[in-house]
>>> print(open('run-v2.txt').read())   # compact mmCIF, C-alpha atoms and all ligand atoms
# COMPACT_ATOMS: atom_id res chain seq x y z
CA MET A 1 0.00 0.00 0.00
CA THR A 2 1.27 3.51 -0.82
CA PRO A 3 2.15 5.51 2.29
CA ASP A 4 -0.04 8.51 3.21
CA PHE A 5 1.82 11.71 2.35
CA MET A 6 -1.00 14.05 3.38
CA PRO A 7 0.60 14.84 6.80
CA GLU A 8 3.76 15.94 4.98
CA ALA A 9 1.71 18.00 2.51
CA LEU A 10 -0.01 19.70 5.48
CA ALA A 11 3.37 20.45 7.09
CA LEU A 12 4.47 22.04 3.80
CA ALA A 13 1.25 24.10 3.71
CA GLU A 14 2.15 25.52 7.14
CA GLN A 15 5.33 26.92 5.62
CA ALA A 16 3.12 29.25 3.56
CA LEU A 17 1.52 30.66 6.74
CA THR A 18 2.82 34.21 6.37
CA LEU A 19 3.69 34.01 2.67
CA SER A 20 0.72 33.16 0.48
CA ASN A 21 -1.90 35.69 1.68
CA PRO A 22 -4.49 36.32 0.31
CA ASN A 23 -4.15 32.92 -1.37
CA PRO A 24 -4.75 29.83 0.77
CA ARG A 25 -1.84 28.00 2.41
CA VAL A 26 -1.40 24.85 0.35
CA GLY A 27 1.21 22.09 0.33
CA CYS A 28 1.88 19.37 -2.24
CA VAL A 29 3.90 16.14 -2.26
CA LEU A 30 4.45 14.06 -5.40
CA SER A 31 5.14 10.37 -4.72
CA ASP A 32 5.77 7.31 -6.91
CA ALA A 33 4.30 3.81 -6.70
CA GLN A 34 7.16 2.67 -4.44
CA GLY A 35 6.32 5.39 -1.91
CA ARG A 36 9.30 7.58 -2.76
CA VAL A 37 8.91 11.36 -2.67
CA LEU A 38 9.58 12.90 -6.08
CA GLY A 39 8.89 16.55 -5.31
CA ARG A 40 7.60 18.93 -2.65
CA GLY A 41 6.13 22.43 -2.79
CA PHE A 42 4.00 25.02 -1.08
CA THR A 43 2.18 28.14 -2.29
CA GLN A 44 4.41 31.17 -2.82
CA GLN A 45 3.45 34.84 -2.52
CA ALA A 46 0.35 36.04 -4.39
CA GLY A 47 1.10 35.99 -8.11
CA GLY A 48 3.81 33.36 -7.57
CA PRO A 49 3.51 29.63 -8.26
CA HIS A 50 1.04 27.44 -6.39
CA ALA A 51 2.07 24.36 -4.40
CA GLU A 52 1.52 21.88 -7.26
CA VAL A 53 3.71 23.84 -9.69
CA MET A 54 6.42 24.17 -7.02
CA ALA A 55 6.33 20.39 -6.44
CA LEU A 56 6.47 19.67 -10.20
CA ARG A 57 9.45 22.03 -10.52
CA ASP A 58 11.14 20.38 -7.53
CA ALA A 59 10.71 16.92 -9.10
CA GLN A 60 12.08 18.19 -12.42
CA ALA A 61 15.05 19.85 -10.70
CA GLN A 62 15.90 16.47 -9.12
CA GLY A 63 15.57 14.69 -12.49
CA HIS A 64 12.48 12.69 -11.45
CA SER A 65 9.75 11.78 -13.93
CA VAL A 66 6.28 12.20 -12.43
CA VAL A 67 4.49 10.07 -15.03
CA GLY A 68 2.16 7.78 -13.06
CA ALA A 69 2.82 9.68 -9.79
CA THR A 70 0.37 10.55 -7.02
CA ALA A 71 -0.07 14.21 -6.04
CA TRP A 72 -1.03 14.81 -2.38
CA VAL A 73 -2.48 18.33 -2.23
CA THR A 74 -4.04 20.06 0.79
CA LEU A 75 -6.62 21.88 -1.38
CA GLU A 76 -8.29 20.97 -4.65
CA PRO A 77 -5.97 21.97 -7.54
CA CYS A 78 -7.29 25.04 -9.31
CA ALA A 79 -8.90 24.79 -12.75
CA HIS A 80 -9.09 28.50 -13.37
CA GLN A 81 -6.76 31.14 -14.66
CA GLY A 82 -6.13 33.43 -11.69
CA ARG A 83 -2.89 35.25 -11.06
CA THR A 84 -1.24 32.01 -12.31
CA GLY A 85 -2.26 29.22 -14.74
CA PRO A 86 -4.51 26.28 -13.77
CA CYS A 87 -2.67 23.74 -11.59
CA CYS A 88 -4.77 20.77 -12.69
CA ASP A 89 -3.65 21.33 -16.29
CA ALA A 90 -0.02 21.31 -15.12
CA LEU A 91 -0.59 18.00 -13.25
CA ILE A 92 -2.37 16.44 -16.26
CA ALA A 93 0.37 17.61 -18.66
CA ALA A 94 3.06 16.15 -16.39
CA GLY A 95 1.35 12.72 -16.45
CA VAL A 96 0.28 12.51 -12.80
CA ALA A 97 -2.03 9.47 -12.44
CA ARG A 98 -3.70 10.13 -9.08
CA VAL A 99 -4.59 13.19 -7.03
CA VAL A 100 -5.49 13.04 -3.33
CA ALA A 101 -6.89 16.40 -2.20
CA ALA A 102 -7.63 17.25 1.44
CA CYS A 103 -10.70 19.33 0.59
CA GLU A 104 -12.55 21.11 -2.18
CA ASP A 105 -11.80 24.73 -2.97
CA PRO A 106 -14.37 26.72 -0.90
CA ASN A 107 -14.64 29.42 -3.58
CA PRO A 108 -18.26 28.90 -4.76
CA LYS A 109 -17.29 30.12 -8.24
CA VAL A 110 -14.78 27.30 -8.79
CA ALA A 111 -15.52 24.58 -6.18
CA GLY A 112 -15.25 21.08 -7.60
CA GLN A 113 -14.07 22.22 -11.02
CA GLY A 114 -10.44 21.19 -10.57
CA LEU A 115 -11.31 17.69 -9.38
CA ALA A 116 -13.85 17.33 -12.21
CA ARG A 117 -11.31 18.37 -14.83
CA LEU A 118 -8.72 15.93 -13.44
CA ALA A 119 -11.26 13.09 -13.43
CA ALA A 120 -12.32 13.95 -17.01
CA ALA A 121 -8.68 13.63 -18.04
CA GLY A 122 -8.52 10.11 -16.56
CA VAL A 123 -6.72 10.99 -13.32
CA ALA A 124 -7.88 8.98 -10.26
CA VAL A 125 -9.25 11.50 -7.76
CA GLU A 126 -9.86 11.28 -4.00
CA CYS A 127 -11.00 14.10 -1.73
CA GLY A 128 -11.18 14.26 2.06
CA PRO A 129 -8.09 13.01 3.95
CA GLY A 130 -6.64 15.85 6.04
CA GLY A 131 -9.62 18.08 5.25
CA ALA A 132 -10.20 19.31 8.81
CA ALA A 133 -6.54 20.31 9.25
CA SER A 134 -6.45 22.08 5.89
CA ARG A 135 -9.62 24.03 6.71
CA ALA A 136 -8.22 24.98 10.14
CA LEU A 137 -5.01 26.26 8.55
CA ASN A 138 -7.02 28.32 6.07
CA ILE A 139 -9.81 29.45 8.38
CA GLY A 140 -9.66 33.02 7.06
CA PHE A 141 -9.80 31.96 3.41
CA PHE A 142 -12.76 29.65 4.12
CA SER A 143 -14.47 32.42 6.09
CA ARG A 144 -14.03 34.92 3.25
CA MET A 145 -15.23 32.49 0.60
CA LEU A 146 -18.18 31.04 2.51
CA ARG A 147 -19.34 33.97 4.72
CA GLY A 148 -18.10 36.97 2.73
CA GLN A 149 -16.21 38.25 5.76
CA PRO A 150 -12.78 37.69 7.24
CA TRP A 151 -12.02 35.55 10.29
CA VAL A 152 -11.70 38.05 13.14
CA ARG A 153 -9.20 37.26 15.88
CA MET A 154 -8.99 39.73 18.75
CA LYS A 155 -5.67 39.91 20.57
CA ILE A 156 -5.67 41.24 24.13
CA ALA A 157 -2.75 41.59 26.54
CA ALA A 158 -4.00 41.77 30.12
CA SER A 159 -3.11 41.29 33.75
CA LEU A 160 -4.55 38.29 35.55
CA ASP A 161 -7.36 40.53 36.78
CA GLY A 162 -8.24 41.49 33.19
CA ARG A 163 -6.73 44.98 33.03
CA THR A 164 -5.38 46.21 29.68
CA ALA A 165 -4.19 49.68 30.71
CA LEU A 166 -4.06 52.04 33.67
CA ASP A 167 -6.94 54.51 33.97
CA ASP A 168 -4.71 57.19 32.39
CA GLY A 169 -4.13 54.95 29.34
CA ARG A 170 -0.59 53.70 29.99
CA SER A 171 -0.27 50.04 29.02
CA GLN A 172 3.35 49.42 28.04
CA TRP A 173 4.11 46.86 29.01
CA ILE A 174 1.80 44.40 30.70
CA THR A 175 3.14 41.23 29.06
CA ASP A 176 6.79 40.23 28.73
CA THR A 177 8.98 40.13 25.59
CA PRO A 178 8.33 36.47 24.62
CA ALA A 179 4.55 37.05 24.64
CA ARG A 180 4.91 40.27 22.64
CA THR A 181 7.15 38.45 20.14
CA ASP A 182 4.54 35.71 19.86
CA GLY A 183 1.95 38.44 19.24
CA HIS A 184 4.02 39.61 16.25
CA ALA A 185 3.94 36.06 14.82
CA TRP A 186 0.12 36.22 14.96
CA ARG A 187 0.20 39.66 13.30
CA ALA A 188 2.40 38.16 10.57
CA ARG A 189 -0.11 35.48 9.62
CA ALA A 190 -3.00 37.96 9.33
CA CYS A 191 -3.85 39.89 6.16
CA ALA A 192 -4.68 42.96 8.24
CA VAL A 193 -4.15 44.40 11.73
CA LEU A 194 -7.10 46.50 12.93
CA THR A 195 -7.03 49.15 15.63
CA GLY A 196 -9.03 52.11 16.95
CA ILE A 197 -8.19 55.80 17.02
CA GLY A 198 -8.18 55.73 20.85
CA THR A 199 -5.20 53.36 20.81
CA VAL A 200 -3.40 55.41 18.17
CA LEU A 201 -3.83 58.68 20.04
CA GLN A 202 -2.69 57.11 23.31
CA ASP A 203 0.16 54.83 22.14
CA ASP A 204 1.23 56.07 18.67
CA PRO A 205 1.80 52.37 17.91
CA GLN A 206 3.57 50.88 14.90
CA LEU A 207 1.47 47.70 14.79
CA ASP A 208 3.81 46.12 12.26
CA VAL A 209 5.72 42.84 12.25
CA ARG A 210 9.25 43.45 13.43
CA LEU A 211 10.03 41.01 16.25
CA VAL A 212 9.78 37.95 13.96
CA PRO A 213 10.93 37.50 10.34
CA THR A 214 8.32 38.07 7.66
CA THR A 215 8.23 38.45 3.89
CA ARG A 216 5.33 40.90 3.95
CA GLN A 217 3.63 43.37 6.29
CA PRO A 218 -0.12 43.00 6.93
CA HIS A 219 -2.35 45.90 5.93
CA LEU A 220 -3.17 48.28 8.77
CA VAL A 221 -6.82 49.15 9.32
CA LEU A 222 -7.84 52.10 11.49
CA VAL A 223 -11.35 52.84 12.76
CA ASP A 224 -11.41 56.63 13.04
CA SER A 225 -14.96 58.06 12.81
CA ARG A 226 -13.90 61.70 13.08
CA LEU A 227 -10.59 61.54 11.16
CA GLN A 228 -8.45 62.43 14.14
CA LEU A 229 -5.40 60.53 12.88
CA PRO A 230 -2.33 62.80 13.16
CA LEU A 231 -0.35 63.08 9.91
CA THR A 232 2.78 62.37 11.93
CA ALA A 233 1.52 59.03 13.34
CA ARG A 234 3.89 56.08 13.22
CA LEU A 235 1.18 54.04 11.48
CA PHE A 236 2.26 55.59 8.17
CA GLY A 237 4.92 53.48 6.54
CA PRO A 238 6.15 52.77 3.03
CA GLU A 239 5.91 49.00 3.30
CA ARG A 240 2.22 48.50 3.93
CA GLN A 241 -1.22 49.70 3.03
CA LEU A 242 -3.00 51.88 5.59
CA LEU A 243 -6.81 51.84 5.35
CA VAL A 244 -8.66 54.47 7.38
CA TYR A 245 -12.41 53.89 7.86
CA THR A 246 -14.38 56.95 8.84
CA ALA A 247 -17.84 58.47 9.19
CA SER A 248 -16.44 61.97 8.67
CA GLU A 249 -17.22 64.18 5.67
CA ASP A 250 -14.05 66.22 6.16
CA ALA A 251 -12.72 66.07 2.58
CA ALA A 252 -9.67 68.21 3.32
CA LYS A 253 -8.48 65.87 6.10
CA ALA A 254 -9.21 62.81 3.96
CA ASP A 255 -7.13 64.32 1.12
CA ALA A 256 -4.28 65.07 3.52
CA LEU A 257 -4.29 61.44 4.69
CA ARG A 258 -4.41 60.23 1.07
CA ALA A 259 -1.42 62.44 0.29
CA ARG A 260 0.44 60.52 3.03
CA GLY A 261 -0.43 57.26 1.23
CA ALA A 262 -3.52 56.16 3.19
CA THR A 263 -6.69 54.82 1.61
CA VAL A 264 -9.67 56.58 3.22
CA VAL A 265 -13.05 54.82 3.12
CA ARG A 266 -16.23 56.54 4.34
CA LEU A 267 -18.56 54.00 5.92
CA PRO A 268 -20.95 55.68 8.37
CA GLY A 269 -23.75 53.78 10.08
CA SER A 270 -27.03 53.79 8.19
CA THR A 271 -29.35 55.23 10.85
CA ALA A 272 -29.51 58.65 12.51
CA GLN A 273 -28.23 57.09 15.76
CA THR A 274 -25.28 55.32 14.13
CA ALA A 275 -24.30 57.81 11.40
CA ALA A 276 -21.51 59.35 13.50
CA LYS A 277 -19.68 56.02 13.90
CA VAL A 278 -18.09 53.67 11.42
CA ASP A 279 -20.33 50.73 10.44
CA LEU A 280 -18.12 47.88 11.66
CA ALA A 281 -20.01 45.06 9.90
CA ALA A 282 -19.76 46.95 6.60
CA LEU A 283 -16.07 47.52 7.29
CA LEU A 284 -15.48 43.76 7.58
CA ARG A 285 -17.40 43.11 4.35
CA ASP A 286 -15.28 45.75 2.65
CA LEU A 287 -12.10 44.08 3.92
CA ALA A 288 -13.31 40.74 2.52
CA ALA A 289 -13.85 42.44 -0.85
CA ARG A 290 -10.22 43.57 -0.58
CA GLU A 291 -9.16 39.91 -0.15
CA VAL A 292 -8.50 40.09 3.59
CA ASN A 293 -8.76 36.59 5.07
CA GLU A 294 -7.72 36.99 8.72
CA VAL A 295 -8.07 40.21 10.72
CA HIS A 296 -5.92 40.63 13.82
CA VAL A 297 -7.60 43.17 16.13
CA GLU A 298 -5.34 45.08 18.54
CA ALA A 299 -7.61 47.77 19.88
CA GLY A 300 -8.71 49.28 23.16
CA THR A 301 -11.67 48.60 25.38
CA GLN A 302 -14.17 50.68 23.33
CA LEU A 303 -13.63 49.22 19.87
CA ASN A 304 -13.20 45.71 21.33
CA GLY A 305 -16.56 46.17 23.07
CA SER A 306 -18.32 47.35 19.90
CA LEU A 307 -16.94 44.50 17.80
CA LEU A 308 -17.94 41.92 20.41
CA ARG A 309 -21.38 43.41 21.03
CA GLU A 310 -22.10 43.35 17.31
CA GLY A 311 -21.11 39.67 17.13
CA LEU A 312 -18.21 40.38 14.75
CA VAL A 313 -15.44 38.59 16.68
CA ASP A 314 -14.75 34.90 16.02
CA GLU A 315 -11.79 34.20 18.28
CA LEU A 316 -9.91 35.72 21.20
CA LEU A 317 -6.13 35.53 21.56
CA VAL A 318 -5.47 36.57 25.13
CA TYR A 319 -2.07 36.94 26.80
CA LEU A 320 -2.36 36.95 30.58
CA ALA A 321 0.48 38.33 32.68
CA PRO A 322 0.95 37.02 36.22
CA LYS A 323 0.27 40.38 37.83
CA LEU A 324 -2.65 42.31 39.29
CA ILE A 325 -3.29 45.91 38.25
CA GLY A 326 -6.54 46.48 40.11
CA GLN A 327 -7.91 49.78 38.89
CA GLY A 328 -7.67 50.27 35.10
CA MET A 329 -9.23 49.60 31.69
CA GLY A 330 -10.89 46.27 31.00
CA MET A 331 -10.60 44.00 27.96
CA ALA A 332 -13.82 45.16 26.31
CA ARG A 333 -16.60 47.56 27.23
CA LEU A 334 -19.57 45.19 27.07
CA GLY A 335 -21.91 45.72 29.94
CA PRO A 336 -24.04 46.15 31.78
CA LEU A 337 -25.84 42.84 31.32
CA GLY A 338 -29.36 42.48 32.61
CA ASP A 339 -28.74 38.84 33.36
CA LEU A 340 -25.75 36.47 33.57
CA ALA A 341 -27.37 34.33 30.89
CA GLN A 342 -26.61 37.14 28.44
CA ALA A 343 -22.83 36.74 28.92
CA GLN A 344 -20.89 36.02 25.74
CA ALA A 345 -20.22 32.27 25.83
CA LEU A 346 -16.83 31.03 24.59
CA GLU A 347 -15.13 27.68 24.04
CA TRP A 348 -11.56 27.21 25.21
CA GLY A 349 -8.94 26.46 22.60
CA ALA A 350 -5.23 25.88 23.24
CA VAL A 351 -3.61 27.23 26.39
CA GLU A 352 0.16 27.66 26.38
CA ARG A 353 2.79 29.19 28.58
CA ILE A 354 4.81 31.82 26.65
CA GLY A 355 7.76 32.87 28.83
CA LYS A 356 6.27 34.22 32.07
CA ASP A 357 2.81 34.75 30.53
CA LEU A 358 -0.09 32.55 29.47
CA ARG A 359 -1.56 32.49 25.96
CA ILE A 360 -5.20 31.48 25.76
CA LEU A 361 -7.23 30.94 22.61
CA ALA A 362 -11.01 30.97 22.89
CA ARG A 363 -13.68 30.87 20.19
CA VAL A 364 -17.26 31.95 19.90
CA PRO A 365 -19.11 28.61 19.64
CA GLY A 366 -20.10 27.54 16.15
CA ARG A 367 -18.14 30.25 14.33
CA ASP A 368 -15.72 27.79 12.72
CA ARG A 369 -18.54 25.65 11.27
CA PHE A 370 -19.09 27.39 7.96
N1 LIG B 401 -3.36 45.72 26.51
C1 LIG B 401 -3.82 45.66 25.28
O1 LIG B 401 -3.92 44.58 24.68
C2 LIG B 401 -4.19 46.91 24.58
C3 LIG B 401 -4.36 48.07 25.26
N2 LIG B 401 -4.72 49.22 24.63
C4 LIG B 401 -4.94 50.40 25.42
O2 LIG B 401 -6.28 50.82 25.25
C5 LIG B 401 -6.38 52.21 25.43
C6 LIG B 401 -7.23 52.81 24.33
O3 LIG B 401 -8.55 52.33 24.46
P1 LIG B 401 -9.74 53.05 23.71
O4 LIG B 401 -9.66 54.50 23.96
O5 LIG B 401 -10.95 52.30 24.07
O6 LIG B 401 -9.32 52.89 22.17
P2 LIG B 401 -9.86 52.04 20.94
O7 LIG B 401 -8.68 51.53 20.24
O8 LIG B 401 -10.90 51.08 21.35
O9 LIG B 401 -10.49 53.18 20.03
C7 LIG B 401 -11.70 53.72 20.45
C8 LIG B 401 -12.20 54.72 19.46
O10 LIG B 401 -12.59 54.06 18.26
C9 LIG B 401 -13.52 54.90 17.62
N3 LIG B 401 -14.62 54.22 16.98
C10 LIG B 401 -15.05 54.47 15.72
N4 LIG B 401 -16.09 53.73 15.40
C11 LIG B 401 -16.36 52.99 16.48
C12 LIG B 401 -17.35 52.03 16.74
N5 LIG B 401 -18.28 51.68 15.83
N6 LIG B 401 -17.32 51.49 17.94
C13 LIG B 401 -16.39 51.82 18.85
N7 LIG B 401 -15.43 52.73 18.65
C14 LIG B 401 -15.42 53.30 17.47
C15 LIG B 401 -14.08 55.83 18.69
O11 LIG B 401 -13.64 57.12 18.35
P3 LIG B 401 -14.37 57.95 17.22
O12 LIG B 401 -15.81 57.53 17.18
O13 LIG B 401 -14.15 59.34 17.57
O14 LIG B 401 -13.65 57.61 15.95
C16 LIG B 401 -13.41 55.41 19.95
O15 LIG B 401 -13.04 56.53 20.73
C17 LIG B 401 -4.96 52.73 25.44
O16 LIG B 401 -4.64 53.05 26.76
C18 LIG B 401 -4.13 51.58 24.95
O17 LIG B 401 -2.85 51.59 25.51
C19 LIG B 401 -4.93 49.23 23.28
C20 LIG B 401 -4.76 48.09 22.53
C21 LIG B 401 -4.39 46.83 23.12
N1 LIG B 402 0.31 46.76 26.25
C1 LIG B 402 0.58 45.63 25.58
C2 LIG B 402 0.23 45.52 24.21
N2 LIG B 402 -0.37 46.53 23.60
C3 LIG B 402 -0.62 46.64 22.17
O1 LIG B 402 0.58 46.79 21.45
C4 LIG B 402 0.53 48.00 20.71
C5 LIG B 402 1.92 48.54 20.46
O2 LIG B 402 2.41 47.85 19.35
P1 LIG B 402 3.79 48.29 18.68
O3 LIG B 402 3.80 49.80 18.54
O4 LIG B 402 3.83 47.60 17.35
O5 LIG B 402 4.88 47.82 19.60
C6 LIG B 402 -0.31 48.89 21.56
O6 LIG B 402 -0.79 50.02 20.91
C7 LIG B 402 -1.40 47.92 21.92
O7 LIG B 402 -2.25 47.71 20.82
N3 LIG B 402 0.53 44.35 23.58
C8 LIG B 402 1.17 43.33 24.21
O8 LIG B 402 1.42 42.27 23.59
N4 LIG B 402 1.50 43.46 25.51
C9 LIG B 402 1.24 44.55 26.23
O9 LIG B 402 1.59 44.60 27.40
>>> encode(input="run-v2.txt", output="structure tokens")
Amino acid sequence: MTPDFMPEALALAEQALTLSNPNPRVGCVLSDAQGRVLGRGFTQQAGGPHAEVMALRDAQAQGHSVVGATAWVTLEPCAHQGRTGPCCDALIAAGVARVVAACEDPNPKVAGQGLARLAAAGVAVECGPGGAASRALNIGFFSRMLRGQPWVRMKIAASLDGRTALDDGRSQWITDTPARTDGHAWRARACAVLTGIGTVLQDDPQLDVRLVPTTRQPHLVLVDSRLQLPLTARLFGPERQLLVYTASEDAAKADALRARGATVVRLPGSTAQTAAKVDLAALLRDLAAREVNEVHVEAGTQLNGSLLREGLVDELLVYLAPKLIGQGMGMARLGPLGDLAQAQALEWGAVERIGKDLRILARVPGRDRF
């Protein structure tokens, strides 16, 4: 029996974690009938080759023929001409005899087409092994394709008693260097980092990826209803796109921000009561239209509260420092609840010690079942 190379294909897909955005993270292994690996690949940066093409090139570079080979791919090979040519045509042309895909492409416009084209060309096709792991690795891509909105992960750094800043706004630093470095790794995998004007005015943060290596910087998204962003803010940078969402009609300020390289999008709420604030649900839909898969929120208590109250957060990434601050800002302004039964229920994910601090993942139940 041929060995199962899907675990290795999934490990390759993980190597595309911070590279392939907004394309899905995909890995591919080509094996022969004796169970030898002929080639390996994973998706490169957008516009670059997909995993299958990388694996075919790897096999060719090693002088291996792939006629009669099996391709283990963590997502259905594409049949469409996107930024690159169709991968299933490349596999067919190379003489691959069998394709094992972990799951179908979730893009409703193309789902199933790659597998159908392979089968029509006489390639044996299987779909399913490793599907759950592939979907988990690409949760943002699946969310964008199936819900029309990104996967929203809210990062919070807090003391054990849930404080995120002193009453006067000072918050640097609550968690230690290893936890902050880990936070940069989570920024790196996201397509966009989202923050609020309150945090920018208080911290003048950079919100980039600089404590871990990365090949690209996520976009930076600012919620700034009244266009208060100072033109001197450290958020402006040559290497990344800055998107400012506002409810303001101040054209002169918007032009000044555009002259500094920002994209300014006016998205006020649609009722008289909400017109002065950015419509956060519309903002997320707009980010999905801009091919944002995963959003990493790093905001203060007000914007965190609004996003949670509106049901727009899928996952929390909380770093807890072993200290007590007592008086100070909380994680999210939510209350007051009329009843405990109204509390936002969560499901625990992984808990890990990062240096002196704890990292806790928690999800809103049902959100990952698209
Ligand atoms: N420990 C941690 O993990 C973190 C701590 N912080 C700390 O948090 C503090 C800042 O908190 P905060 O002032 O709450 O800042 P936020 O980052 O939450 O920004 C709040 C501002 O966002 C704007 N906003 C626009 N639209 C909306 C909307 N629909 N809902 C809610 N807000 C909206 C509001 O201003 P407007 O309407 O005028 O545009 C509001 O004042 C700082 O002290 C900072 O250090 C910040 C990030 C992480
Ligand atoms: N205070 C606090 C955090 N705060 C977050 O980090 C932002 C600063 O990011 P940067 O300018 O890129 O270094 C700050 O504005 C806030 O969003 N993060 C943490 O991991 N631990 C902490 O204790």
>>> closest_residue(input="run-v2.txt", among="A:Gln34, A:Gln172, A:Thr301, A:Thr18", to="Gly198 of chain A", atoms="all atoms listed in the file")
A:Thr301
>>> closest_atom_pairs(input="run-v2.txt", of="chain A", to="ligand LIG 401 (chain B)", cutoff="6 Å", atoms="all atoms listed in the file", output="Markdown table")
| residue | atom | partner | partner_atom | distance |
| --- | --- | --- | --- | --- |
| A:Ile156 | CA | B:LIG401 | O1 | 3.8 |
| A:Ala157 | CA | B:LIG401 | O1 | 3.7 |
| A:Ala158 | CA | B:LIG401 | N1 | 5.4 |
| A:Thr164 | CA | B:LIG401 | N1 | 3.8 |
| A:Ala165 | CA | B:LIG401 | O16 | 5.2 |
| A:Gly169 | CA | B:LIG401 | O16 | 3.2 |
| A:Arg170 | CA | B:LIG401 | O16 | 5.2 |
| A:Ser171 | CA | B:LIG401 | O17 | 4.6 |
| A:Thr195 | CA | B:LIG401 | O7 | 5.4 |
| A:Gly196 | CA | B:LIG401 | O7 | 3.4 |
| A:Ile197 | CA | B:LIG401 | O9 | 4.6 |
| A:Gly198 | CA | B:LIG401 | O6 | 3.3 |
| A:Thr199 | CA | B:LIG401 | O7 | 4.0 |
| A:Gln202 | CA | B:LIG401 | C17 | 5.4 |
| A:Asp203 | CA | B:LIG401 | O17 | 5.6 |
| A:Val223 | CA | B:LIG401 | C10 | 5.0 |
| A:Asp224 | CA | B:LIG401 | O14 | 3.8 |
| A:Ser225 | CA | B:LIG401 | O14 | 3.4 |
| A:Arg226 | CA | B:LIG401 | O14 | 5.0 |
| A:Lys277 | CA | B:LIG401 | N4 | 4.5 |
| A:Val278 | CA | B:LIG401 | N4 | 4.5 |
| A:Asp279 | CA | B:LIG401 | N5 | 5.8 |
| A:Leu280 | CA | B:LIG401 | N5 | 5.6 |
| A:Glu298 | CA | B:LIG401 | C21 | 5.0 |
| A:Ala299 | CA | B:LIG401 | C20 | 3.9 |
| A:Gly300 | CA | B:LIG401 | O3 | 3.3 |
| A:Thr301 | CA | B:LIG401 | O5 | 4.0 |
| A:Gln302 | CA | B:LIG401 | O5 | 3.7 |
| A:Leu303 | CA | B:LIG401 | O8 | 3.6 |
| A:Asn304 | CA | B:LIG401 | O8 | 5.8 |
| A:Ser306 | CA | B:LIG401 | N6 | 4.7 |
>>> write_last_selection(input="run-v2.txt", atoms="C-alpha atoms", output="compact mmCIF listing (two decimals), in the coordinates of the input")
# COMPACT_ATOMS: atom_id res chain seq x y z
CA ILE A 156 -5.67 41.24 24.13
CA ALA A 157 -2.75 41.59 26.54
CA ALA A 158 -4.00 41.77 30.12
CA THR A 164 -5.38 46.21 29.68
CA ALA A 165 -4.19 49.68 30.71
CA GLY A 169 -4.13 54.95 29.34
CA ARG A 170 -0.59 53.70 29.99
CA SER A 171 -0.27 50.04 29.02
CA THR A 195 -7.03 49.15 15.63
CA GLY A 196 -9.03 52.11 16.95
CA ILE A 197 -8.19 55.80 17.02
CA GLY A 198 -8.18 55.73 20.85
CA THR A 199 -5.20 53.36 20.81
CA GLN A 202 -2.69 57.11 23.31
CA ASP A 203 0.16 54.83 22.14
CA VAL A 223 -11.35 52.84 12.76
CA ASP A 224 -11.41 56.63 13.04
CA SER A 225 -14.96 58.06 12.81
CA ARG A 226 -13.90 61.70 13.08
CA LYS A 277 -19.68 56.02 13.90
CA VAL A 278 -18.09 53.67 11.42
CA ASP A 279 -20.33 50.73 10.44
CA LEU A 280 -18.12 47.88 11.66
CA GLU A 298 -5.34 45.08 18.54
CA ALA A 299 -7.61 47.77 19.88
CA GLY A 300 -8.71 49.28 23.16
CA THR A 301 -11.67 48.60 25.38
CA GLN A 302 -14.17 50.68 23.33
CA LEU A 303 -13.63 49.22 19.87
CA ASN A 304 -13.20 45.71 21.33
CA SER A 306 -18.32 47.35 19.90
>>> residues_around(input="run-v2.txt", residues="Ala132 of chain A", least_positions_apart="3", cutoff="12 Å", atoms="only C-alpha atoms", output="VMD selection string")
chain A and resid 6 to 7 10 74 to 75 101 to 104 127 to 129 135 to 139 142 368 to 369
>>> atom_distance(input="run-v2.txt", atom1="atom CA of Arg153 of chain A", atom2="atom CA of Leu361 of chain A")
9.4 Å
>>> atom_distance(input="run-v2.txt", atom1="atom CA of Leu115 of chain A", atom2="atom CA of Glu76 of chain A")
6.5 Å
>>> atom_distance(input="run-v2.txt", atom1="atom CA of Arg36 of chain A", atom2="atom CA of Glu8 of chain A")
12.7 Å
>>> closest_residue(input="run-v2.txt", among="A:Ala33, A:Gly148, A:Leu201, A:Leu211", to="Pro178 of chain A", atoms="all atoms listed in the file")
A:Leu211
>>> closest_residue(input="run-v2.txt", among="A:Pro108, A:Gly261, A:Pro238, A:Gly330", to="Asp167 of chain A", atoms="all atoms listed in the file")
A:Gly330
>>> residues_around(input="run-v2.txt", residues="Pro213 of chain A", least_positions_apart="6", cutoff="10 Å", atoms="all atoms listed in the file", output="number ranges by chain")
A: 18, 184-185, 188
>>> axis_aligned_box(input="run-v2.txt", around="segment 125-132 of chain A", padding_each_side="5 Å", output="AutoDock Vina command-line options")
--center_x -8.9 --center_y 15.3 --center_z 0.5 --size_x 14.5 --size_y 18.0 --size_z 26.6
>>> residues_around(input="run-v2.txt", residues="Val37 of chain A", least_positions_apart="2", cutoff="12 Å", atoms="only C-alpha atoms", output="VMD selection string")
chain A and resid 2 to 6 8 to 9 28 to 35 39 to 41 55 to 56 58 to 59 62 64 to 66 69 to 72
